[in-house]
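This is query15.pdb (PDB, C-alpha atoms).
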```pdb
ATOM      1  CA  MET A   1     -47.664  77.295 -61.630
ATOM      2  CA  ALA A   2     -44.812  74.967 -60.716
ATOM      3  CA  LEU A   3     -47.146  71.967 -60.759
ATOM      4  CA  LEU A   4     -48.178  72.903 -64.278
ATOM      5  CA  GLY A   5     -44.532  73.214 -65.352
ATOM      6  CA  GLU A   6     -44.878  76.954 -65.896
ATOM      7  CA  LEU A   7     -42.071  78.034 -63.532
ATOM      8  CA  HIS A   8     -38.375  77.607 -64.096
ATOM      9  CA  TYR A   9     -36.197  76.244 -61.318
ATOM     10  CA  VAL A  10     -33.095  78.245 -60.504
ATOM     11  CA  PRO A  11     -30.808  76.453 -58.035
ATOM     12  CA  SER A  12     -29.663  78.613 -55.152
ATOM     13  CA  GLY A  13     -26.777  76.377 -54.173
ATOM     14  CA  PRO A  14     -25.105  73.000 -54.776
ATOM     15  CA  ASP A  15     -27.590  71.200 -52.493
ATOM     16  CA  SER A  16     -30.685  72.763 -54.056
ATOM     17  CA  TRP A  17     -33.261  70.412 -55.511
ATOM     18  CA  PHE A  18     -36.940  70.147 -56.262
ATOM     19  CA  ASN A  19     -39.340  67.296 -56.798
ATOM     20  CA  LEU A  20     -42.860  67.981 -57.973
ATOM     21  CA  PRO A  21     -44.724  64.742 -58.669
ATOM     22  CA  ARG A  22     -46.162  65.063 -62.165
ATOM     23  CA  GLU A  23     -45.309  61.717 -63.718
ATOM     24  CA  ASN A  24     -48.985  60.678 -63.950
ATOM     25  CA  GLY A  25     -50.043  64.044 -65.291
ATOM     26  CA  VAL A  26     -51.739  67.160 -64.015
ATOM     27  CA  ALA A  27     -55.208  68.315 -65.030
ATOM     28  CA  TYR A  28     -56.043  71.984 -64.593
ATOM     29  CA  ALA A  29     -59.507  73.531 -64.525
ATOM     30  CA  ALA A  30     -59.209  77.302 -64.538
ATOM     31  CA  GLN A  31     -61.706  79.656 -62.934
ATOM     32  CA  GLU A  32     -61.901  81.410 -66.287
ATOM     33  CA  SER A  33     -63.388  78.455 -68.184
ATOM     34  CA  TRP A  34     -62.369  77.859 -71.736
ATOM     35  CA  VAL A  35     -63.684  75.499 -74.373
ATOM     36  CA  GLN A  36     -62.634  74.584 -77.871
ATOM     37  CA  ASN A  37     -64.720  75.073 -80.993
ATOM     38  CA  GLU A  38     -65.665  71.372 -80.883
ATOM     39  CA  THR A  39     -68.526  69.246 -79.575
ATOM     40  CA  ILE A  40     -69.241  69.065 -75.855
ATOM     41  CA  ARG A  41     -67.998  65.472 -75.875
ATOM     42  CA  ASP A  42     -64.740  66.420 -77.599
ATOM     43  CA  ASN A  43     -64.223  69.219 -75.077
ATOM     44  CA  ILE A  44     -64.543  66.713 -72.233
ATOM     45  CA  LEU A  45     -62.464  63.943 -73.822
ATOM     46  CA  PHE A  46     -59.759  66.411 -74.876
ATOM     47  CA  GLY A  47     -58.040  63.775 -77.002
ATOM     48  CA  SER A  48     -58.454  60.902 -74.528
ATOM     49  CA  GLU A  49     -59.994  57.600 -75.555
ATOM     50  CA  PHE A  50     -63.745  57.359 -75.092
ATOM     51  CA  ASP A  51     -64.773  55.133 -72.178
ATOM     52  CA  GLU A  52     -68.587  54.963 -72.071
ATOM     53  CA  VAL A  53     -68.860  54.053 -68.361
ATOM     54  CA  ARG A  54     -66.344  56.672 -67.195
ATOM     55  CA  TYR A  55     -67.863  59.299 -69.485
ATOM     56  CA  ARG A  56     -71.397  58.723 -68.153
ATOM     57  CA  LYS A  57     -70.120  58.967 -64.561
ATOM     58  CA  VAL A  58     -68.371  62.252 -65.372
ATOM     59  CA  ILE A  59     -71.532  63.655 -66.980
ATOM     60  CA  HIS A  60     -73.559  62.689 -63.899
ATOM     61  CA  GLN A  61     -71.038  63.829 -61.277
ATOM     62  CA  CYS A  62     -70.446  67.161 -63.010
ATOM     63  CA  GLY A  63     -74.181  67.825 -63.235
ATOM     64  CA  LEU A  64     -74.318  67.963 -67.030
ATOM     65  CA  GLY A  65     -77.056  65.362 -67.595
ATOM     66  CA  LYS A  66     -80.013  67.767 -67.613
ATOM     67  CA  ASP A  67     -78.100  70.277 -69.709
ATOM     68  CA  LEU A  68     -77.382  67.721 -72.406
ATOM     69  CA  THR A  69     -81.082  66.852 -72.702
ATOM     70  CA  LEU A  70     -81.777  70.508 -73.549
ATOM     71  CA  PHE A  71     -79.534  70.367 -76.616
ATOM     72  CA  GLU A  72     -81.019  68.697 -79.687
ATOM     73  CA  ALA A  73     -77.716  66.949 -80.453
ATOM     74  CA  GLY A  74     -76.920  66.178 -76.792
ATOM     75  CA  ASP A  75     -73.178  65.917 -76.209
ATOM     76  CA  LYS A  76     -72.611  66.108 -79.984
ATOM     77  CA  THR A  77     -73.657  69.774 -79.844
ATOM     78  CA  GLU A  78     -71.038  72.088 -81.292
ATOM     79  CA  VAL A  79     -69.910  74.505 -78.618
ATOM     80  CA  GLY A  80     -69.173  77.296 -81.057
ATOM     81  CA  GLU A  81     -66.490  79.924 -81.011
ATOM     82  CA  LYS A  82     -65.586  80.978 -77.454
ATOM     83  CA  GLY A  83     -68.306  78.692 -76.104
ATOM     84  CA  LEU A  84     -71.213  80.884 -77.176
ATOM     85  CA  THR A  85     -73.581  77.892 -77.091
ATOM     86  CA  LEU A  86     -72.999  77.382 -73.350
ATOM     87  CA  SER A  87     -73.779  79.478 -70.286
ATOM     88  CA  GLY A  88     -70.970  80.377 -67.873
ATOM     89  CA  GLY A  89     -72.014  77.614 -65.481
ATOM     90  CA  GLN A  90     -72.153  75.049 -68.279
ATOM     91  CA  LYS A  91     -68.688  76.047 -69.495
ATOM     92  CA  ALA A  92     -67.378  75.734 -65.924
ATOM     93  CA  ARG A  93     -68.831  72.233 -65.601
ATOM     94  CA  VAL A  94     -67.460  71.150 -68.991
ATOM     95  CA  THR A  95     -64.042  72.417 -67.886
ATOM     96  CA  LEU A  96     -64.369  70.487 -64.611
ATOM     97  CA  ALA A  97     -65.580  67.399 -66.505
ATOM     98  CA  ARG A  98     -62.463  67.565 -68.715
ATOM     99  CA  ALA A  99     -60.203  67.496 -65.654
ATOM    100  CA  VAL A 100     -62.180  64.738 -63.909
ATOM    101  CA  TYR A 101     -62.361  62.590 -67.074
ATOM    102  CA  SER A 102     -58.598  62.765 -67.510
ATOM    103  CA  GLN A 103     -56.385  60.080 -66.009
ATOM    104  CA  ALA A 104     -54.195  62.716 -64.313
ATOM    105  CA  GLN A 105     -53.173  61.881 -60.759
ATOM    106  CA  VAL A 106     -53.172  65.565 -59.762
ATOM    107  CA  LEU A 107     -56.185  67.823 -60.316
ATOM    108  CA  ILE A 108     -55.802  71.556 -59.849
ATOM    109  CA  LEU A 109     -59.245  73.131 -59.633
ATOM    110  CA  ASP A 110     -59.155  76.920 -59.539
ATOM    111  CA  ASP A 111     -62.502  77.966 -58.027
ATOM    112  CA  VAL A 112     -64.531  75.867 -60.437
ATOM    113  CA  LEU A 113     -67.604  76.537 -58.277
ATOM    114  CA  ALA A 114     -67.538  80.337 -58.752
ATOM    115  CA  ALA A 115     -69.736  80.396 -61.876
ATOM    116  CA  LEU A 116     -72.312  77.982 -60.447
ATOM    117  CA  ASP A 117     -75.536  78.619 -58.577
ATOM    118  CA  VAL A 118     -75.592  77.290 -55.007
ATOM    119  CA  HIS A 119     -77.650  74.177 -55.818
ATOM    120  CA  THR A 120     -75.379  73.132 -58.685
ATOM    121  CA  ALA A 121     -72.274  73.893 -56.618
ATOM    122  CA  LYS A 122     -73.625  71.704 -53.815
ATOM    123  CA  TRP A 123     -74.228  68.907 -56.348
ATOM    124  CA  ILE A 124     -70.621  69.186 -57.562
ATOM    125  CA  VAL A 125     -69.277  69.050 -53.995
ATOM    126  CA  GLU A 126     -71.395  66.045 -53.049
ATOM    127  CA  LYS A 127     -71.359  64.029 -56.280
ATOM    128  CA  CYS A 128     -68.085  64.983 -57.945
ATOM    129  CA  LEU A 129     -65.583  66.133 -55.334
ATOM    130  CA  GLN A 130     -66.675  63.328 -53.012
ATOM    131  CA  GLY A 131     -67.216  60.875 -55.872
ATOM    132  CA  ASP A 132     -65.354  57.787 -56.944
ATOM    133  CA  LEU A 133     -63.717  59.471 -59.953
ATOM    134  CA  VAL A 134     -61.553  61.744 -57.776
ATOM    135  CA  ARG A 135     -60.982  59.270 -54.944
ATOM    136  CA  GLY A 136     -57.292  58.397 -54.633
ATOM    137  CA  ARG A 137     -56.185  61.413 -56.669
ATOM    138  CA  THR A 138     -54.583  64.541 -55.311
ATOM    139  CA  VAL A 139     -57.012  67.452 -55.654
ATOM    140  CA  LEU A 140     -55.778  70.976 -55.066
ATOM    141  CA  LEU A 141     -58.990  72.961 -54.802
ATOM    142  CA  VAL A 142     -59.055  76.741 -54.609
ATOM    143  CA  VAL A 143     -62.493  77.790 -53.462
ATOM    144  CA  GLY A 144     -64.214  80.878 -52.146
ATOM    145  CA  ALA A 145     -67.451  79.160 -51.127
ATOM    146  CA  CYS A 146     -66.140  77.341 -48.057
ATOM    147  CA  THR A 147     -69.630  77.086 -46.551
ATOM    148  CA  LEU A 148     -70.413  74.388 -49.107
ATOM    149  CA  PHE A 149     -67.819  72.221 -47.398
ATOM    150  CA  ARG A 150     -68.841  73.036 -43.848
ATOM    151  CA  ASP A 151     -72.411  71.917 -44.542
ATOM    152  CA  SER A 152     -71.201  68.658 -46.038
ATOM    153  CA  SER A 153     -71.275  65.435 -44.054
ATOM    154  CA  ALA A 154     -68.010  64.294 -45.661
ATOM    155  CA  GLN A 155     -64.686  64.464 -43.924
ATOM    156  CA  TYR A 156     -61.921  66.132 -45.915
ATOM    157  CA  ASP A 157     -58.530  64.658 -45.305
ATOM    158  CA  THR A 158     -55.845  67.280 -45.792
ATOM    159  CA  ARG A 159     -53.040  64.798 -45.233
ATOM    160  CA  PRO A 160     -50.990  63.655 -48.226
ATOM    161  CA  THR A 161     -52.147  60.616 -50.154
ATOM    162  CA  THR A 162     -48.749  59.963 -51.723
ATOM    163  CA  SER A 163     -45.313  60.356 -50.231
ATOM    164  CA  PRO A 164     -43.916  62.968 -52.704
ATOM    165  CA  TRP A 165     -46.527  65.382 -51.400
ATOM    166  CA  ARG A 166     -45.574  64.950 -47.734
ATOM    167  CA  ASP A 167     -43.150  67.897 -47.621
ATOM    168  CA  LEU A 168     -45.596  70.191 -49.385
ATOM    169  CA  TRP A 169     -48.437  69.271 -47.039
ATOM    170  CA  ARG A 170     -46.255  69.710 -43.948
ATOM    171  CA  THR A 171     -46.085  73.401 -44.797
ATOM    172  CA  LEU A 172     -49.838  73.766 -45.177
ATOM    173  CA  SER A 173     -52.725  73.305 -42.817
ATOM    174  CA  PHE A 174     -56.418  73.873 -43.277
ATOM    175  CA  HIS A 175     -57.706  76.578 -40.969
ATOM    176  CA  SER A 176     -61.209  77.973 -41.086
ATOM    177  CA  ASP A 177     -61.801  79.525 -44.531
ATOM    178  CA  LYS A 178     -58.275  79.554 -45.853
ATOM    179  CA  MET A 179     -55.063  77.635 -46.247
ATOM    180  CA  VAL A 180     -52.332  79.072 -44.056
ATOM    181  CA  GLY A 181     -48.666  78.242 -43.604
ATOM    182  CA  SER A 182     -47.953  76.155 -40.520
TER     183      SER A 182
END
```

Exercise: express the given structure as structure tokens:
Amino acid sequence: MALLGELHYVPSGPDSWFNLPRENGVAYAAQESWVQNETIRDNILFGSEFDEVRYRKVIHQCGLGKDLTLFEAGDKTEVGEKGLTLSGGQKARVTLARAVYSQAQVLILDDVLAALDVHTAKWIVEKCLQGDLVRGRTVLLVVGACTLFRDSSAQYDTRPTTSPWRDLWRTLSFHSDKMVGS
């Protein structure tokens, strides 16, 4: 919540301070997916400028290509109120696509794999979470399906990629299926 700017800092003494690196933005994909009553494309762009190459990569890496071919209007399909046009898995992938498409340096992904079948979740892990669009960004991923990562050939580096995160990462270590304080 602090990364999203939803917590208020109350100093406990004269030497108290905090520094959460958010200057390049934070993108948040909630487990409880939400979409606007707009087109699929507008839900992904979320007010950002359209970049054809980036957009196509996002569609591919988030596994939305086949889904878009099923809709007569493709990505110009109106989602409808509360996303009634989309299945739960499609809404989850549109929500993930919105975060990945953004230029935010920090991505907070709250169990975005929960609504997906195992094959689609594996695609997301291999194509998106290991893809070039998230490389070099800080990704805080909350996930229940840890086996998807154990089966992967990729190496996950839990060390900080930028210095402001060093203190936060010193307090965390990856152990088995959960993050634990070190």

How many Å separate atom CA of A:Thr138 from atom CA of A:Val53?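 Separating atom CA of A:Thr138 from atom CA of A:Val53 is a distance of 22.0 Å.
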
Would you work out the distance separating atom CA of A:Ser33 from atom CA of A:Asp51, expressed in Å to one decimal? 23.7 Å

Mind listing whatever residues come within 9 Å of the point (-69.6, 71.6, -57.1)? Use all atoms listed in the file, file coordinates, and give them as a short mmCIF file (atom, residue, chain, number, x, y, z; two decimals) with C-alpha atoms, in the coordinates of the input.
```
data_model
loop_
_atom_site.label_atom_id
_atom_site.label_comp_id
_atom_site.auth_asym_id
_atom_site.auth_seq_id
_atom_site.Cartn_x
_atom_site.Cartn_y
_atom_site.Cartn_z
CA GLN A 61 -71.04 63.83 -61.28
CA CYS A 62 -70.45 67.16 -63.01
CA GLY A 63 -74.18 67.82 -63.24
CA ARG A 93 -68.83 72.23 -65.60
CA VAL A 112 -64.53 75.87 -60.44
CA LEU A 113 -67.60 76.54 -58.28
CA LEU A 116 -72.31 77.98 -60.45
CA VAL A 118 -75.59 77.29 -55.01
CA HIS A 119 -77.65 74.18 -55.82
CA THR A 120 -75.38 73.13 -58.68
CA ALA A 121 -72.27 73.89 -56.62
CA LYS A 122 -73.62 71.70 -53.82
CA TRP A 123 -74.23 68.91 -56.35
CA ILE A 124 -70.62 69.19 -57.56
CA VAL A 125 -69.28 69.05 -54.00
CA GLU A 126 -71.40 66.04 -53.05
CA LYS A 127 -71.36 64.03 -56.28
CA CYS A 128 -68.08 64.98 -57.94
CA LEU A 129 -65.58 66.13 -55.33
CA LEU A 148 -70.41 74.39 -49.11
#
```

Find the residues around A:Arg56 up to 12 Å (only C-alpha atoms counted), leave out those fewer than 4 positions away in its own chain, and share them as a PDB file with C-alpha atoms, keeping the file's coordinate frame.
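The result, written out as selection.pdb:
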```pdb
ATOM      1  CA  ARG A  41     -67.998  65.472 -75.875  1.00  0.00           C
ATOM      2  CA  ILE A  44     -64.543  66.713 -72.233  1.00  0.00           C
ATOM      3  CA  LEU A  45     -62.464  63.943 -73.822  1.00  0.00           C
ATOM      4  CA  PHE A  50     -63.745  57.359 -75.092  1.00  0.00           C
ATOM      5  CA  ASP A  51     -64.773  55.133 -72.178  1.00  0.00           C
ATOM      6  CA  GLU A  52     -68.587  54.963 -72.071  1.00  0.00           C
ATOM      7  CA  HIS A  60     -73.559  62.689 -63.899  1.00  0.00           C
ATOM      8  CA  GLN A  61     -71.038  63.829 -61.277  1.00  0.00           C
ATOM      9  CA  CYS A  62     -70.446  67.161 -63.010  1.00  0.00           C
ATOM     10  CA  GLY A  63     -74.181  67.825 -63.235  1.00  0.00           C
ATOM     11  CA  LEU A  64     -74.318  67.963 -67.030  1.00  0.00           C
ATOM     12  CA  GLY A  65     -77.056  65.362 -67.595  1.00  0.00           C
ATOM     13  CA  LEU A  68     -77.382  67.721 -72.406  1.00  0.00           C
ATOM     14  CA  ASP A  75     -73.178  65.917 -76.209  1.00  0.00           C
ATOM     15  CA  ALA A  97     -65.580  67.399 -66.505  1.00  0.00           C
ATOM     16  CA  VAL A 100     -62.180  64.738 -63.909  1.00  0.00           C
ATOM     17  CA  TYR A 101     -62.361  62.590 -67.074  1.00  0.00           C
ATOM     18  CA  LEU A 133     -63.717  59.471 -59.953  1.00  0.00           C
TER      19      LEU A 133
END
```

Can you list, as a PDB file with C-alpha atoms, in the coordinates of the input, every protein, DNA or RNA residue that comes within 7 Å of A:Thr39 when you count only C-alpha atoms, leaving out same-chain residues fewer than 3 positions away?
```pdb
ATOM      1  CA  ASP A  42     -64.740  66.420 -77.599  1.00  0.00           C
ATOM      2  CA  ASN A  43     -64.223  69.219 -75.077  1.00  0.00           C
ATOM      3  CA  ASP A  75     -73.178  65.917 -76.209  1.00  0.00           C
ATOM      4  CA  LYS A  76     -72.611  66.108 -79.984  1.00  0.00           C
ATOM      5  CA  THR A  77     -73.657  69.774 -79.844  1.00  0.00           C
ATOM      6  CA  GLU A  78     -71.038  72.088 -81.292  1.00  0.00           C
ATOM      7  CA  VAL A  79     -69.910  74.505 -78.618  1.00  0.00           C
TER       8      VAL A  79
END
```

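Between atom CA of A:Leu107 and atom CA of A:Gly83 the interatomic distance comes to 22.7 Å.
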
When you look at A:Ala29 with a cut-off of 9 Å (counting all atoms listed in the file), what residues show up, excluding the ones that are within fewer than 3 positions of it in the same chain? I need them as number ranges by chain. A: 32-34, 92, 95-99, 107-112

Pick the closest to A:Ile40 from A:Arg137, A:Ala114, A:Asp67, A:Tyr28: which is it, counting all atoms listed in the file?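 Looking only at the distances to A:Ile40, the closest residue turns out to be A:Asp67.
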